[in-house]
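Okay, query_13.txt now, which holds compact mmCIF, C-alpha atoms:
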```txt
# COMPACT_ATOMS: atom_id res chain seq x y z
CA MET A 513 4.51 24.48 15.24
CA PRO A 514 6.60 21.91 17.19
CA CYS A 515 4.82 18.73 18.19
CA SER A 516 5.38 19.41 21.89
CA LEU A 517 3.60 22.75 21.64
CA THR A 518 0.78 21.14 19.68
CA ARG A 519 0.40 18.53 22.41
CA ARG A 520 0.20 21.22 25.14
CA LEU A 521 -2.50 23.07 23.21
CA GLN A 522 -4.46 19.85 22.70
CA LEU A 523 -4.16 18.96 26.36
CA ARG A 524 -5.46 22.41 27.28
CA THR A 525 -8.40 21.93 24.88
CA VAL A 526 -9.46 18.70 26.53
CA SER A 527 -8.96 19.93 30.07
CA LYS A 528 -11.53 22.70 29.54
CA THR A 529 -14.31 20.15 29.69
CA SER A 530 -13.00 17.30 31.80
CA PRO A 531 -9.92 16.32 33.81
CA ILE A 532 -7.47 14.06 32.01
CA THR A 533 -7.36 10.72 33.73
CA GLU A 534 -6.50 8.59 30.72
CA ALA A 535 -3.00 7.75 29.52
CA THR A 536 -1.26 10.34 27.34
CA PRO A 537 -1.67 9.53 23.63
CA LEU A 538 1.28 8.53 21.49
CA SER A 539 2.74 10.88 18.89
CA LEU A 540 3.79 9.96 15.38
CA CYS A 541 6.00 13.04 15.37
CA ALA A 542 8.01 11.60 18.26
CA ARG A 543 8.77 8.37 16.40
CA GLU A 544 11.90 7.89 14.28
CA PRO A 545 11.97 4.14 13.59
CA GLN A 546 15.02 2.31 12.29
CA VAL A 547 14.27 -0.74 10.15
CA PRO A 548 17.02 -3.37 9.63
CA ALA A 549 17.31 -5.02 6.23
CA ASP A 550 16.30 -8.45 7.51
CA ARG A 551 12.98 -7.01 8.67
CA LEU A 552 12.34 -5.67 5.18
CA VAL A 553 12.68 -9.22 3.82
CA ALA A 554 10.64 -10.88 6.60
CA GLU A 555 7.82 -8.37 6.15
CA MET A 556 7.35 -9.10 2.44
CA VAL A 557 4.00 -10.75 3.10
CA PRO A 558 0.44 -9.47 2.55
CA PRO A 559 -0.29 -6.62 4.99
CA PRO A 560 -2.44 -7.29 8.08
CA ARG A 561 -5.62 -6.09 6.37
CA PHE A 562 -5.20 -8.96 3.90
CA ASP A 563 -4.12 -11.70 6.33
CA THR A 564 -7.40 -13.58 5.99
CA VAL A 565 -8.45 -12.79 2.42
CA ARG A 566 -8.86 -15.69 0.04
CA PHE A 567 -10.38 -16.18 -3.39
CA ASP A 568 -13.62 -17.37 -1.79
CA THR A 569 -13.86 -14.17 0.30
CA TYR A 570 -13.70 -11.97 -2.79
CA VAL A 571 -17.25 -10.97 -3.68
CA PRO A 572 -17.48 -10.32 -7.44
CA ASP A 573 -19.87 -7.67 -8.64
CA PRO A 574 -22.58 -9.60 -10.54
CA ASN A 575 -22.61 -6.81 -13.12
CA GLN A 576 -18.88 -7.26 -13.81
CA PRO A 577 -18.19 -10.77 -15.20
CA SER A 578 -14.47 -9.96 -15.51
CA GLN A 579 -14.24 -10.15 -11.70
CA THR A 580 -15.52 -13.72 -11.62
CA GLU A 581 -13.20 -14.63 -14.49
CA ALA A 582 -10.23 -13.12 -12.61
CA VAL A 583 -10.84 -15.37 -9.61
CA LYS A 584 -10.92 -18.44 -11.87
CA VAL A 585 -7.75 -17.54 -13.77
CA LEU A 586 -5.78 -16.65 -10.65
CA SER A 587 -6.86 -19.84 -8.86
CA GLU A 588 -5.59 -21.89 -11.79
CA PHE A 589 -2.37 -19.87 -11.90
CA ALA A 590 -1.75 -20.56 -8.19
CA SER A 591 -2.40 -24.27 -8.66
CA GLY A 592 0.18 -24.37 -11.44
CA LEU A 593 2.94 -23.01 -9.19
CA GLY A 594 3.59 -26.30 -7.41
CA GLY A 595 6.93 -28.06 -7.72
CA ALA A 596 10.30 -28.17 -6.09
CA HIS A 597 11.76 -24.96 -7.52
CA ALA A 598 11.43 -22.84 -4.40
CA ALA A 599 13.08 -25.40 -2.16
CA SER A 600 16.00 -26.07 -4.47
CA ALA A 601 16.70 -22.99 -6.59
CA GLY A 602 18.44 -21.12 -3.81
CA LYS A 603 20.83 -24.04 -3.27
CA ARG A 604 21.72 -24.55 -6.94
CA ARG A 605 25.47 -24.23 -7.50
CA TRP A 606 26.86 -21.85 -10.08
CA PHE A 607 28.12 -24.72 -12.26
CA ALA A 608 24.80 -26.62 -12.16
CA LYS A 609 22.86 -26.99 -15.38
CA LYS A 610 20.33 -24.23 -15.83
CA PRO A 611 16.76 -25.55 -15.57
CA PRO A 612 14.67 -25.46 -18.75
CA ALA A 613 12.74 -22.24 -19.30
CA PRO A 614 9.10 -22.57 -18.25
CA THR A 615 6.57 -22.60 -21.05
CA GLY A 616 3.83 -19.97 -21.27
CA PRO A 617 3.54 -16.72 -19.28
CA ARG A 618 5.03 -16.89 -15.80
CA GLY A 619 3.45 -13.62 -14.78
CA ILE A 620 0.01 -12.05 -14.47
CA TYR A 621 -0.75 -8.36 -14.53
CA LEU A 622 -4.03 -7.38 -12.83
CA ASP A 623 -5.37 -4.54 -14.93
CA GLY A 624 -8.05 -2.42 -13.28
CA GLY A 625 -8.93 0.86 -11.61
CA TYR A 626 -8.46 1.58 -7.92
CA GLY A 627 -10.92 0.00 -5.52
CA VAL A 628 -11.91 -3.01 -7.67
CA GLY A 629 -10.17 -5.46 -5.33
CA LYS A 630 -6.83 -5.98 -7.13
CA THR A 631 -4.87 -6.12 -3.87
CA HIS A 632 -7.42 -8.58 -2.41
CA LEU A 633 -6.90 -10.83 -5.43
CA LEU A 634 -3.12 -10.42 -5.38
CA ALA A 635 -2.99 -11.36 -1.68
CA SER A 636 -5.34 -14.29 -2.33
CA LEU A 637 -2.91 -15.52 -5.00
CA TRP A 638 -0.07 -15.34 -2.47
CA HIS A 639 -2.08 -17.32 0.09
CA ALA A 640 -3.19 -19.91 -2.49
CA THR A 641 0.28 -20.58 -3.90
CA PRO A 642 1.51 -23.98 -2.62
CA ALA A 643 4.75 -22.82 -1.00
CA ALA A 644 6.01 -21.97 2.47
CA PRO A 645 5.79 -18.24 3.35
CA GLU A 646 9.57 -17.88 3.14
CA HIS A 647 9.42 -19.04 -0.49
CA LYS A 648 7.00 -16.40 -1.71
CA ALA A 649 7.04 -12.62 -1.34
CA PHE A 650 4.47 -9.83 -1.43
CA GLY A 651 5.19 -6.11 -1.40
CA THR A 652 4.55 -2.79 -3.05
CA PHE A 653 6.86 -1.44 -5.73
CA VAL A 654 8.21 1.07 -3.19
CA GLU A 655 8.96 -1.72 -0.71
CA LEU A 656 10.79 -3.67 -3.43
CA THR A 657 12.98 -0.70 -4.39
CA ASN A 658 13.68 -0.12 -0.68
CA LEU A 659 14.77 -3.76 -0.40
CA VAL A 660 17.22 -3.28 -3.30
CA GLY A 661 18.53 -0.16 -1.58
CA ALA A 662 19.02 -2.00 1.70
CA LEU A 663 20.49 -5.26 0.36
CA GLY A 664 22.06 -4.23 -2.93
CA PHE A 665 21.02 -5.54 -6.33
CA GLN A 666 22.91 -8.85 -6.36
CA LYS A 667 21.92 -9.75 -2.80
CA THR A 668 18.28 -9.02 -3.64
CA VAL A 669 18.47 -11.33 -6.67
CA GLN A 670 20.04 -14.02 -4.48
CA THR A 671 17.43 -13.56 -1.75
CA LEU A 672 14.37 -13.60 -4.01
CA GLY A 673 15.75 -15.96 -6.65
CA GLY A 674 14.79 -19.01 -4.61
CA HIS A 675 11.17 -17.93 -4.33
CA ARG A 676 8.27 -19.51 -6.13
CA LEU A 677 6.23 -16.30 -6.42
CA LEU A 678 6.78 -12.54 -6.17
CA CYS A 679 3.69 -10.32 -5.95
CA ILE A 680 4.21 -6.60 -6.61
CA ASP A 681 1.36 -4.29 -5.70
CA GLU A 682 1.15 -0.82 -7.26
CA PHE A 683 4.04 -1.12 -9.70
CA GLU A 684 5.26 2.46 -10.21
CA LEU A 685 5.25 3.58 -13.83
CA ASP A 686 5.92 7.25 -13.07
CA ASP A 687 9.62 6.95 -12.13
CA PRO A 688 11.68 5.84 -15.16
CA GLY A 689 14.82 5.11 -13.12
CA ASP A 690 13.08 2.86 -10.62
CA THR A 691 11.06 1.19 -13.38
CA VAL A 692 14.27 0.20 -15.20
CA LEU A 693 15.83 -0.99 -11.93
CA VAL A 694 12.92 -3.22 -11.00
CA SER A 695 12.41 -4.45 -14.56
CA THR A 696 16.06 -5.56 -14.61
CA LEU A 697 15.58 -7.27 -11.25
CA LEU A 698 12.48 -9.07 -12.48
CA GLY A 699 14.36 -10.26 -15.56
CA LYS A 700 16.91 -11.93 -13.31
CA LEU A 701 14.17 -13.49 -11.20
CA VAL A 702 12.28 -14.80 -14.24
CA ASP A 703 15.52 -16.43 -15.41
CA ALA A 704 15.69 -18.12 -11.99
CA GLY A 705 12.15 -19.47 -12.45
CA VAL A 706 10.26 -17.11 -10.14
CA ALA A 707 6.62 -16.52 -11.07
CA LEU A 708 5.42 -12.91 -11.00
CA ALA A 709 2.14 -11.10 -10.38
CA ALA A 710 1.66 -7.35 -10.40
CA THR A 711 -0.72 -4.43 -10.29
CA SER A 712 0.31 -0.92 -11.28
CA ASN A 713 -0.56 2.73 -11.38
CA THR A 714 -0.81 4.66 -14.65
CA LEU A 715 1.73 6.88 -16.34
CA PRO A 716 1.66 10.67 -16.01
CA GLY A 717 -0.32 12.18 -18.87
CA LYS A 718 -2.19 8.93 -19.56
CA LEU A 719 -4.88 9.19 -16.94
CA GLY A 720 -7.38 10.96 -19.15
CA GLU A 721 -7.30 8.06 -21.59
CA GLY A 722 -9.01 5.55 -19.33
CA ARG A 723 -8.73 3.68 -16.05
CA PHE A 724 -6.63 0.77 -17.28
CA ALA A 725 -2.87 0.61 -17.70
CA ALA A 726 -1.95 -2.71 -19.33
CA ALA A 727 -0.47 -1.15 -22.46
CA ASP A 728 1.61 1.28 -20.42
CA PHE A 729 2.77 -1.47 -18.06
CA LEU A 730 3.80 -3.89 -20.80
CA ARG A 731 5.62 -1.16 -22.73
CA GLU A 732 7.55 0.08 -19.71
CA ILE A 733 8.80 -3.36 -18.67
CA GLN A 734 9.85 -3.94 -22.29
CA GLY A 735 11.64 -7.30 -22.49
CA LEU A 736 9.52 -8.73 -19.69
CA SER A 737 6.21 -8.14 -21.42
CA ALA A 738 6.12 -11.63 -22.94
CA HIS A 739 6.15 -13.10 -19.44
CA PHE A 740 2.94 -11.34 -18.38
CA ARG A 741 -0.67 -12.13 -19.18
CA PRO A 742 -2.89 -9.05 -18.67
CA LEU A 743 -6.01 -9.86 -16.67
CA ARG A 744 -8.56 -7.05 -16.86
CA ILE A 745 -10.83 -6.42 -13.86
CA ASP A 746 -13.69 -3.99 -14.45
CA GLY A 747 -15.71 -2.40 -11.68
CA GLU A 748 -16.36 0.54 -9.41
CA ASP A 749 -14.43 1.48 -6.26
CA TYR A 750 -15.84 -1.07 -3.77
CA ARG A 751 -15.00 1.16 -0.80
CA HIS A 752 -17.88 3.42 -1.80
CA ARG A 753 -20.19 0.76 -3.22
CA GLY A 754 -23.40 0.98 -1.18
CA LEU A 755 -21.64 2.63 1.76
CA PRO A 756 -22.70 5.85 3.53
CA GLU A 757 -20.86 9.10 2.95
CA ALA A 758 -17.74 9.67 5.00
CA PRO A 759 -18.42 11.33 8.37
CA PRO A 760 -17.67 15.04 8.45
CA PRO A 761 -14.56 16.17 10.34
CA TYR A 762 -14.88 16.54 14.10
CA SER A 763 -13.80 19.43 16.31
CA ASP A 764 -10.30 19.64 17.77
CA GLU A 765 -11.81 19.01 21.18
CA GLN A 766 -13.60 15.84 20.07
CA VAL A 767 -10.46 14.48 18.39
CA ALA A 768 -8.23 15.18 21.39
CA LYS A 769 -10.76 13.75 23.84
CA ALA A 770 -11.08 10.56 21.78
CA ALA A 771 -7.28 10.23 21.61
CA TYR A 772 -6.98 10.37 25.41
CA ALA A 773 -9.83 7.90 25.82
CA THR A 774 -8.44 5.34 23.32
CA GLU A 775 -5.58 3.11 24.38
CA GLY A 776 -2.87 2.98 21.74
CA ALA A 777 -4.07 6.11 19.91
CA SER A 778 -1.74 8.78 18.57
CA LEU A 779 -2.48 12.50 18.58
CA ASP A 780 -0.73 14.97 16.29
CA GLY A 781 -1.33 18.19 14.45
CA PHE A 782 -1.67 17.47 10.73
CA PRO A 783 0.78 20.21 9.57
CA GLN A 784 3.39 18.98 12.06
CA LEU A 785 2.93 15.38 10.93
CA LEU A 786 3.51 16.37 7.31
CA GLU A 787 6.76 18.05 8.33
CA HIS A 788 7.83 14.97 10.26
CA LEU A 789 7.16 12.66 7.31
CA ALA A 790 9.80 14.57 5.36
CA ARG A 791 12.38 13.43 7.94
CA VAL A 792 11.41 9.73 7.84
CA HIS A 793 12.12 7.58 4.79
CA PRO A 794 8.89 6.14 3.33
CA SER A 795 10.30 2.62 3.76
CA ARG A 796 9.88 3.20 7.51
CA TYR A 797 6.27 4.41 7.46
CA GLY A 798 5.06 0.92 8.30
CA ALA A 799 7.28 0.86 11.38
CA LEU A 800 6.12 4.38 12.18
CA THR A 801 2.61 3.00 12.72
CA ASP A 802 3.62 -0.09 14.72
CA GLY A 803 1.27 -0.78 17.62
CA LEU A 804 -1.18 2.03 16.83
CA ARG A 805 -4.88 1.39 17.37
CA ALA A 806 -6.01 4.78 16.05
CA VAL A 807 -4.54 7.93 14.51
CA CYS A 808 -6.03 11.23 15.67
CA LEU A 809 -5.19 14.37 13.70
CA THR A 810 -6.11 18.00 14.32
CA ASP A 811 -6.10 20.92 11.88
CA VAL A 812 -6.24 18.92 8.63
CA GLU A 813 -5.53 21.33 5.78
CA PRO A 814 -4.68 21.14 2.08
CA VAL A 815 -1.35 19.47 1.32
CA PRO A 816 1.06 22.23 0.25
CA ASP A 817 3.09 20.54 -2.49
CA GLN A 818 3.46 17.37 -4.52
CA SER A 819 6.42 15.90 -2.60
CA THR A 820 4.47 16.18 0.64
CA ALA A 821 1.38 14.75 -1.06
CA LEU A 822 3.25 11.66 -2.28
CA ARG A 823 4.60 11.01 1.22
CA LEU A 824 1.07 11.25 2.60
CA VAL A 825 -0.09 8.72 0.00
CA VAL A 826 2.45 6.19 1.33
CA LEU A 827 1.35 6.80 4.92
CA ALA A 828 -2.30 6.39 3.93
CA ASP A 829 -1.45 3.05 2.30
CA ARG A 830 0.34 1.79 5.41
CA LEU A 831 -2.53 2.85 7.69
CA TYR A 832 -5.08 1.24 5.39
CA ASP A 833 -3.06 -1.98 5.21
CA ARG A 834 -3.03 -2.12 9.00
CA GLU A 835 -6.68 -1.09 9.39
CA VAL A 836 -5.81 1.84 11.68
CA PRO A 837 -8.82 4.20 12.06
CA VAL A 838 -8.15 7.89 11.39
CA LEU A 839 -10.10 10.54 13.33
CA ALA A 840 -9.57 14.11 12.18
CA SER A 841 -10.59 17.73 12.56
CA GLY A 842 -10.24 20.45 9.95
CA LEU A 843 -10.99 19.87 6.27
CA PRO A 844 -12.56 16.62 5.01
CA PHE A 845 -10.17 14.24 3.29
CA ASP A 846 -11.62 14.85 -0.18
CA ARG A 847 -10.18 18.38 0.01
CA LEU A 848 -6.60 17.37 0.82
CA PHE A 849 -5.28 17.72 -2.72
CA SER A 850 -5.54 20.69 -5.06
CA ASP A 851 -7.35 20.55 -8.39
CA GLU A 852 -3.97 20.74 -10.10
CA MET A 853 -2.82 17.61 -8.22
CA LEU A 854 -6.04 15.75 -8.93
CA ASN A 855 -5.73 16.50 -12.63
CA GLY A 856 -2.01 15.74 -12.86
CA GLY A 857 0.15 12.70 -13.42
CA TYR A 858 -0.28 11.30 -9.91
CA ARG A 859 -4.07 11.62 -9.94
CA LYS A 860 -4.65 7.92 -9.37
CA LYS A 861 -2.46 7.89 -6.27
CA TYR A 862 -4.29 10.85 -4.77
CA PHE A 863 -7.72 9.38 -5.41
CA ARG A 864 -6.57 6.12 -3.87
CA ALA A 865 -5.39 8.01 -0.77
CA ILE A 866 -8.71 9.88 -0.51
CA SER A 867 -10.64 6.63 -0.89
CA ARG A 868 -8.58 4.85 1.76
CA LEU A 869 -8.53 7.70 4.26
CA THR A 870 -12.29 8.06 3.85
CA ALA A 871 -12.73 4.37 4.65
CA LEU A 872 -10.54 4.77 7.74
CA ALA A 873 -12.53 7.84 8.78
CA ARG A 874 -15.67 5.71 8.74
CA ASP A 875 -13.88 3.17 10.92
CA ALA A 876 -12.99 5.93 13.40
CA LYS A 877 -16.57 7.05 13.96
CA GLY A 878 -16.94 4.78 16.98
CA LEU A 879 -14.06 6.50 18.76
CA VAL A 880 -16.20 9.59 19.25
CA GLU A 881 -19.35 7.67 20.11
CA GLN A 882 -17.75 5.46 22.77
```

So, in terms of structure tokens, how does the structure I just supplied come out?
Amino acid sequence: MPCSLTRRLQLRTVSKTSPITEATPLSLCAREPQVPADRLVAEMVPPPRFDTVRFDTYVPDPNQPSQTEAVKVLSEFASGLGGAHAASAGKRRWFAKKPPAPTGPRGIYLDGGYGVGKTHLLASLWHATPAAPEHKAFGTFVELTNLVGALGFQKTVQTLGGHRLLCIDEFELDDPGDTVLVSTLLGKLVDAGVALAATSNTLPGKLGEGRFAAADFLREIQGLSAHFRPLRIDGEDYRHRGLPEAPPPYSDEQVAKAAYATEGASLDGFPQLLEHLARVHPSRYGALTDGLRAVCLTDVEPVPDQSTALRLVVLADRLYDREVPVLASGLPFDRLFSDEMLNGGYRKKYFRAISRLTALARDAKGLVEQ
């Protein structure tokens, strides 16, 4: 169903109970953002949700001593990243003497399940590193591969080679081609003296063997493994720790009414949004959500196939990063993915999406109550 027809049906639904006096909601389906390469570089910073996180705002679970240890190790790692490298490496001439190789691991891999606060710790490391923002970078694996695609390999090495730190969240181990590409890139950056920190997902077929992926990560990056120190972080998904159950889905009428009453909200049919995501490159999903204060979706239904599901995972990550509430009708978010998907190689991604969308659904509860 085209988005315009969906909008007319939603408008008719709301008008049954009250005249529409509010501004017309936005539509994600109507957005086709174009993102220049320089924006991709400038936006390699912790997402808005993690603007204010620091090591002292991370609350370790008292039953998980590895969380307290992680804060200590990462704080020391950040303190050791001082020096003049970031200010001078980018200006070094090709005939200049290569600086001596740093001693000890120049990378840390945060090894833990979803929801234990790895991204919080990774962002805290970025904030704590003594360097100007333009000399350190933070992004997901997907954002890094998109940067290579936009700039080219050599230009990416040149751009990031003068940095003091590169943080990579959710390093993808399920795409061999991209893994080799990024591993090669990281090898060049390590040679230039850039420190690395990463989290990752797990490999397809390995998810039944436990929640941790250090062995898989170190094997897949092969020659880089000696540069990384695995730092294990045990714990449960904090998004559900002591929190109430996610609110049940609302009616189409409630969702549409809230969208019209909320400035900066979008309103789309879920099936139509999934179709639209196929026409927008995932590197632009962040721009797709620019300026949104809430996302309202009607007719949520199971995701039909794996390609669509993986696109939805990326959108869920971008919405969660930006703390955009999601109000929905239809099926609850824990029924988005089939049993086959939840038991397959991308299981961890799907559970992360469910966890994050559930958190955003809690945040959206006030939109109906206002």

Which residue of A:Arg834, A:His788, A:Arg823, A:Arg744 approaches Thr801 (chain A) most closely, using all atoms listed in the file:
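Looking only at the distances to Thr801 (chain A), the closest residue turns out to be A:Arg834.
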
Compile the contact shell of region 638-654 of chain A as a PyMOL selection string: residues with an atom at most 8 Å away, counting all atoms listed in the file, same-chain residues fewer than 2 positions apart removed.
chain A and resi 554+556-558+566+587+590-591+593-594+598-599+634-636+656-658+672+674-684+795

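Relative to CA of Glu748 (chain A), CA of Val628 (chain A) is found at 6.0 Å.
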
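Interatomic distance, CA of Leu659 (chain A) against CA of Pro548 (chain A): 10.3 Å.
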
Step by step: start from the point (-7.1, -7.9, 3.9) in the file's coordinates, keep every protein, DNA or RNA residue that has an atom no farther than 9 Å from it, count all atoms listed in the file, and write the set as a PyMOL selection string.
chain A and resi 558-566+631-632+635+833-835

Hey, can you spit out that residue selection with C-alpha atoms as a PDB file, keeping the file's coordinate frame?
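Output saved as part.pdb:
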```pdb
ATOM      1  CA  PRO A 558       0.440  -9.470   2.550  1.00  0.00           C
ATOM      2  CA  PRO A 559      -0.290  -6.620   4.990  1.00  0.00           C
ATOM      3  CA  PRO A 560      -2.440  -7.290   8.080  1.00  0.00           C
ATOM      4  CA  ARG A 561      -5.620  -6.090   6.370  1.00  0.00           C
ATOM      5  CA  PHE A 562      -5.200  -8.960   3.900  1.00  0.00           C
ATOM      6  CA  ASP A 563      -4.120 -11.700   6.330  1.00  0.00           C
ATOM      7  CA  THR A 564      -7.400 -13.580   5.990  1.00  0.00           C
ATOM      8  CA  VAL A 565      -8.450 -12.790   2.420  1.00  0.00           C
ATOM      9  CA  ARG A 566      -8.860 -15.690   0.040  1.00  0.00           C
ATOM     10  CA  THR A 631      -4.870  -6.120  -3.870  1.00  0.00           C
ATOM     11  CA  HIS A 632      -7.420  -8.580  -2.410  1.00  0.00           C
ATOM     12  CA  ALA A 635      -2.990 -11.360  -1.680  1.00  0.00           C
ATOM     13  CA  ASP A 833      -3.060  -1.980   5.210  1.00  0.00           C
ATOM     14  CA  ARG A 834      -3.030  -2.120   9.000  1.00  0.00           C
ATOM     15  CA  GLU A 835      -6.680  -1.090   9.390  1.00  0.00           C
TER      16      GLU A 835
END
```

Taken to one decimal, the CA of Ala799 (chain A)-CA of Thr774 (chain A) distance is 20.2 Å

Residues near region 864-869 of chain A, cut-off 9 Å, only C-alpha atoms, skip fewer than 6 positions along chain, as a VMD selection string:
chain A and resid 626 to 627 749 751 to 752 824 to 829 831 to 832 837 to 838 845 to 849

Just checking: using all atoms listed in the file, which residue out of A:Asp802, A:Glu588, A:Asp875, A:Asp851 ends up closest to Pro814 (chain A)?
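Comparing A:Asp802, A:Glu588, A:Asp875, A:Asp851 against Pro814 (chain A), the winner is A:Asp851.
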
Using only C-alpha atoms, the best pick from A:Phe863, A:Tyr858, A:Tyr772, A:Phe782 as closest to Pro537 (chain A) would be A:Tyr772

Have a look at A:Pro742, A:Gly664, A:Gly857, A:Pro844 and name the one nearest to Ala582 (chain A); count only C-alpha atoms.
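Checking each of A:Pro742, A:Gly664, A:Gly857, A:Pro844 against Ala582 (chain A), counting only C-alpha atoms, the winner is A:Pro742.
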
Given all atoms listed in the file as the counted atoms, nearest of A:Glu655, A:Asp746, A:Glu852, A:Asp780 to Asp811 (chain A):
A:Asp780

Return region 830-845 of chain A, completed with N, CA, C and O atoms, as an mmCIF file, in the coordinates of the input.
```cif
data_model
loop_
_atom_site.group_PDB
_atom_site.id
_atom_site.type_symbol
_atom_site.label_atom_id
_atom_site.label_comp_id
_atom_site.auth_asym_id
_atom_site.auth_seq_id
_atom_site.Cartn_x
_atom_site.Cartn_y
_atom_site.Cartn_z
ATOM 1 N N ARG A 830 -0.078 2.596 4.260
ATOM 2 C CA ARG A 830 0.340 1.790 5.410
ATOM 3 C C ARG A 830 -0.746 1.745 6.477
ATOM 4 O O ARG A 830 -0.970 0.703 7.105
ATOM 5 N N LEU A 831 -1.444 2.844 6.711
ATOM 6 C CA LEU A 831 -2.530 2.850 7.690
ATOM 7 C C LEU A 831 -3.683 1.984 7.221
ATOM 8 O O LEU A 831 -4.293 1.253 8.019
ATOM 9 N N TYR A 832 -3.983 2.049 5.934
ATOM 10 C CA TYR A 832 -5.080 1.240 5.390
ATOM 11 C C TYR A 832 -4.736 -0.241 5.469
ATOM 12 O O TYR A 832 -5.576 -1.066 5.844
ATOM 13 N N ASP A 833 -3.494 -0.582 5.124
ATOM 14 C CA ASP A 833 -3.060 -1.980 5.210
ATOM 15 C C ASP A 833 -3.242 -2.533 6.614
ATOM 16 O O ASP A 833 -3.595 -3.696 6.798
ATOM 17 N N ARG A 834 -2.983 -1.696 7.603
ATOM 18 C CA ARG A 834 -3.030 -2.120 9.000
ATOM 19 C C ARG A 834 -4.373 -1.862 9.661
ATOM 20 O O ARG A 834 -4.532 -2.090 10.857
ATOM 21 N N GLU A 835 -5.327 -1.349 8.901
ATOM 22 C CA GLU A 835 -6.680 -1.090 9.390
ATOM 23 C C GLU A 835 -6.683 -0.180 10.618
ATOM 24 O O GLU A 835 -7.394 -0.423 11.594
ATOM 25 N N VAL A 836 -5.890 0.883 10.573
ATOM 26 C CA VAL A 836 -5.810 1.840 11.680
ATOM 27 C C VAL A 836 -6.816 2.964 11.426
ATOM 28 O O VAL A 836 -6.667 3.722 10.463
ATOM 29 N N PRO A 837 -7.850 3.119 12.262
ATOM 30 C CA PRO A 837 -8.820 4.200 12.060
ATOM 31 C C PRO A 837 -8.160 5.573 12.141
ATOM 32 O O PRO A 837 -7.186 5.758 12.885
ATOM 33 N N VAL A 838 -8.692 6.528 11.389
ATOM 34 C CA VAL A 838 -8.150 7.890 11.390
ATOM 35 C C VAL A 838 -9.274 8.858 11.728
ATOM 36 O O VAL A 838 -10.263 8.972 10.993
ATOM 37 N N LEU A 839 -9.130 9.542 12.865
ATOM 38 C CA LEU A 839 -10.100 10.540 13.330
ATOM 39 C C LEU A 839 -9.476 11.909 13.150
ATOM 40 O O LEU A 839 -8.330 12.126 13.552
ATOM 41 N N ALA A 840 -10.201 12.842 12.527
ATOM 42 C CA ALA A 840 -9.570 14.110 12.180
ATOM 43 C C ALA A 840 -10.501 15.295 12.349
ATOM 44 O O ALA A 840 -11.726 15.173 12.255
ATOM 45 N N SER A 841 -9.890 16.448 12.588
ATOM 46 C CA SER A 841 -10.590 17.730 12.560
ATOM 47 C C SER A 841 -10.011 18.551 11.414
ATOM 48 O O SER A 841 -8.950 18.238 10.886
ATOM 49 N N GLY A 842 -10.711 19.620 11.047
ATOM 50 C CA GLY A 842 -10.240 20.450 9.950
ATOM 51 C C GLY A 842 -11.020 20.176 8.682
ATOM 52 O O GLY A 842 -12.231 19.947 8.713
ATOM 53 N N LEU A 843 -10.336 20.116 7.545
ATOM 54 C CA LEU A 843 -10.990 19.870 6.270
ATOM 55 C C LEU A 843 -11.263 18.385 6.075
ATOM 56 O O LEU A 843 -10.513 17.543 6.562
ATOM 57 N N PRO A 844 -12.328 18.033 5.342
ATOM 58 C CA PRO A 844 -12.560 16.620 5.010
ATOM 59 C C PRO A 844 -11.476 16.127 4.066
ATOM 60 O O PRO A 844 -10.824 16.905 3.358
ATOM 61 N N PHE A 845 -11.281 14.814 4.042
ATOM 62 C CA PHE A 845 -10.170 14.240 3.290
ATOM 63 C C PHE A 845 -10.298 14.451 1.780
ATOM 64 O O PHE A 845 -9.294 14.407 1.064
#
```
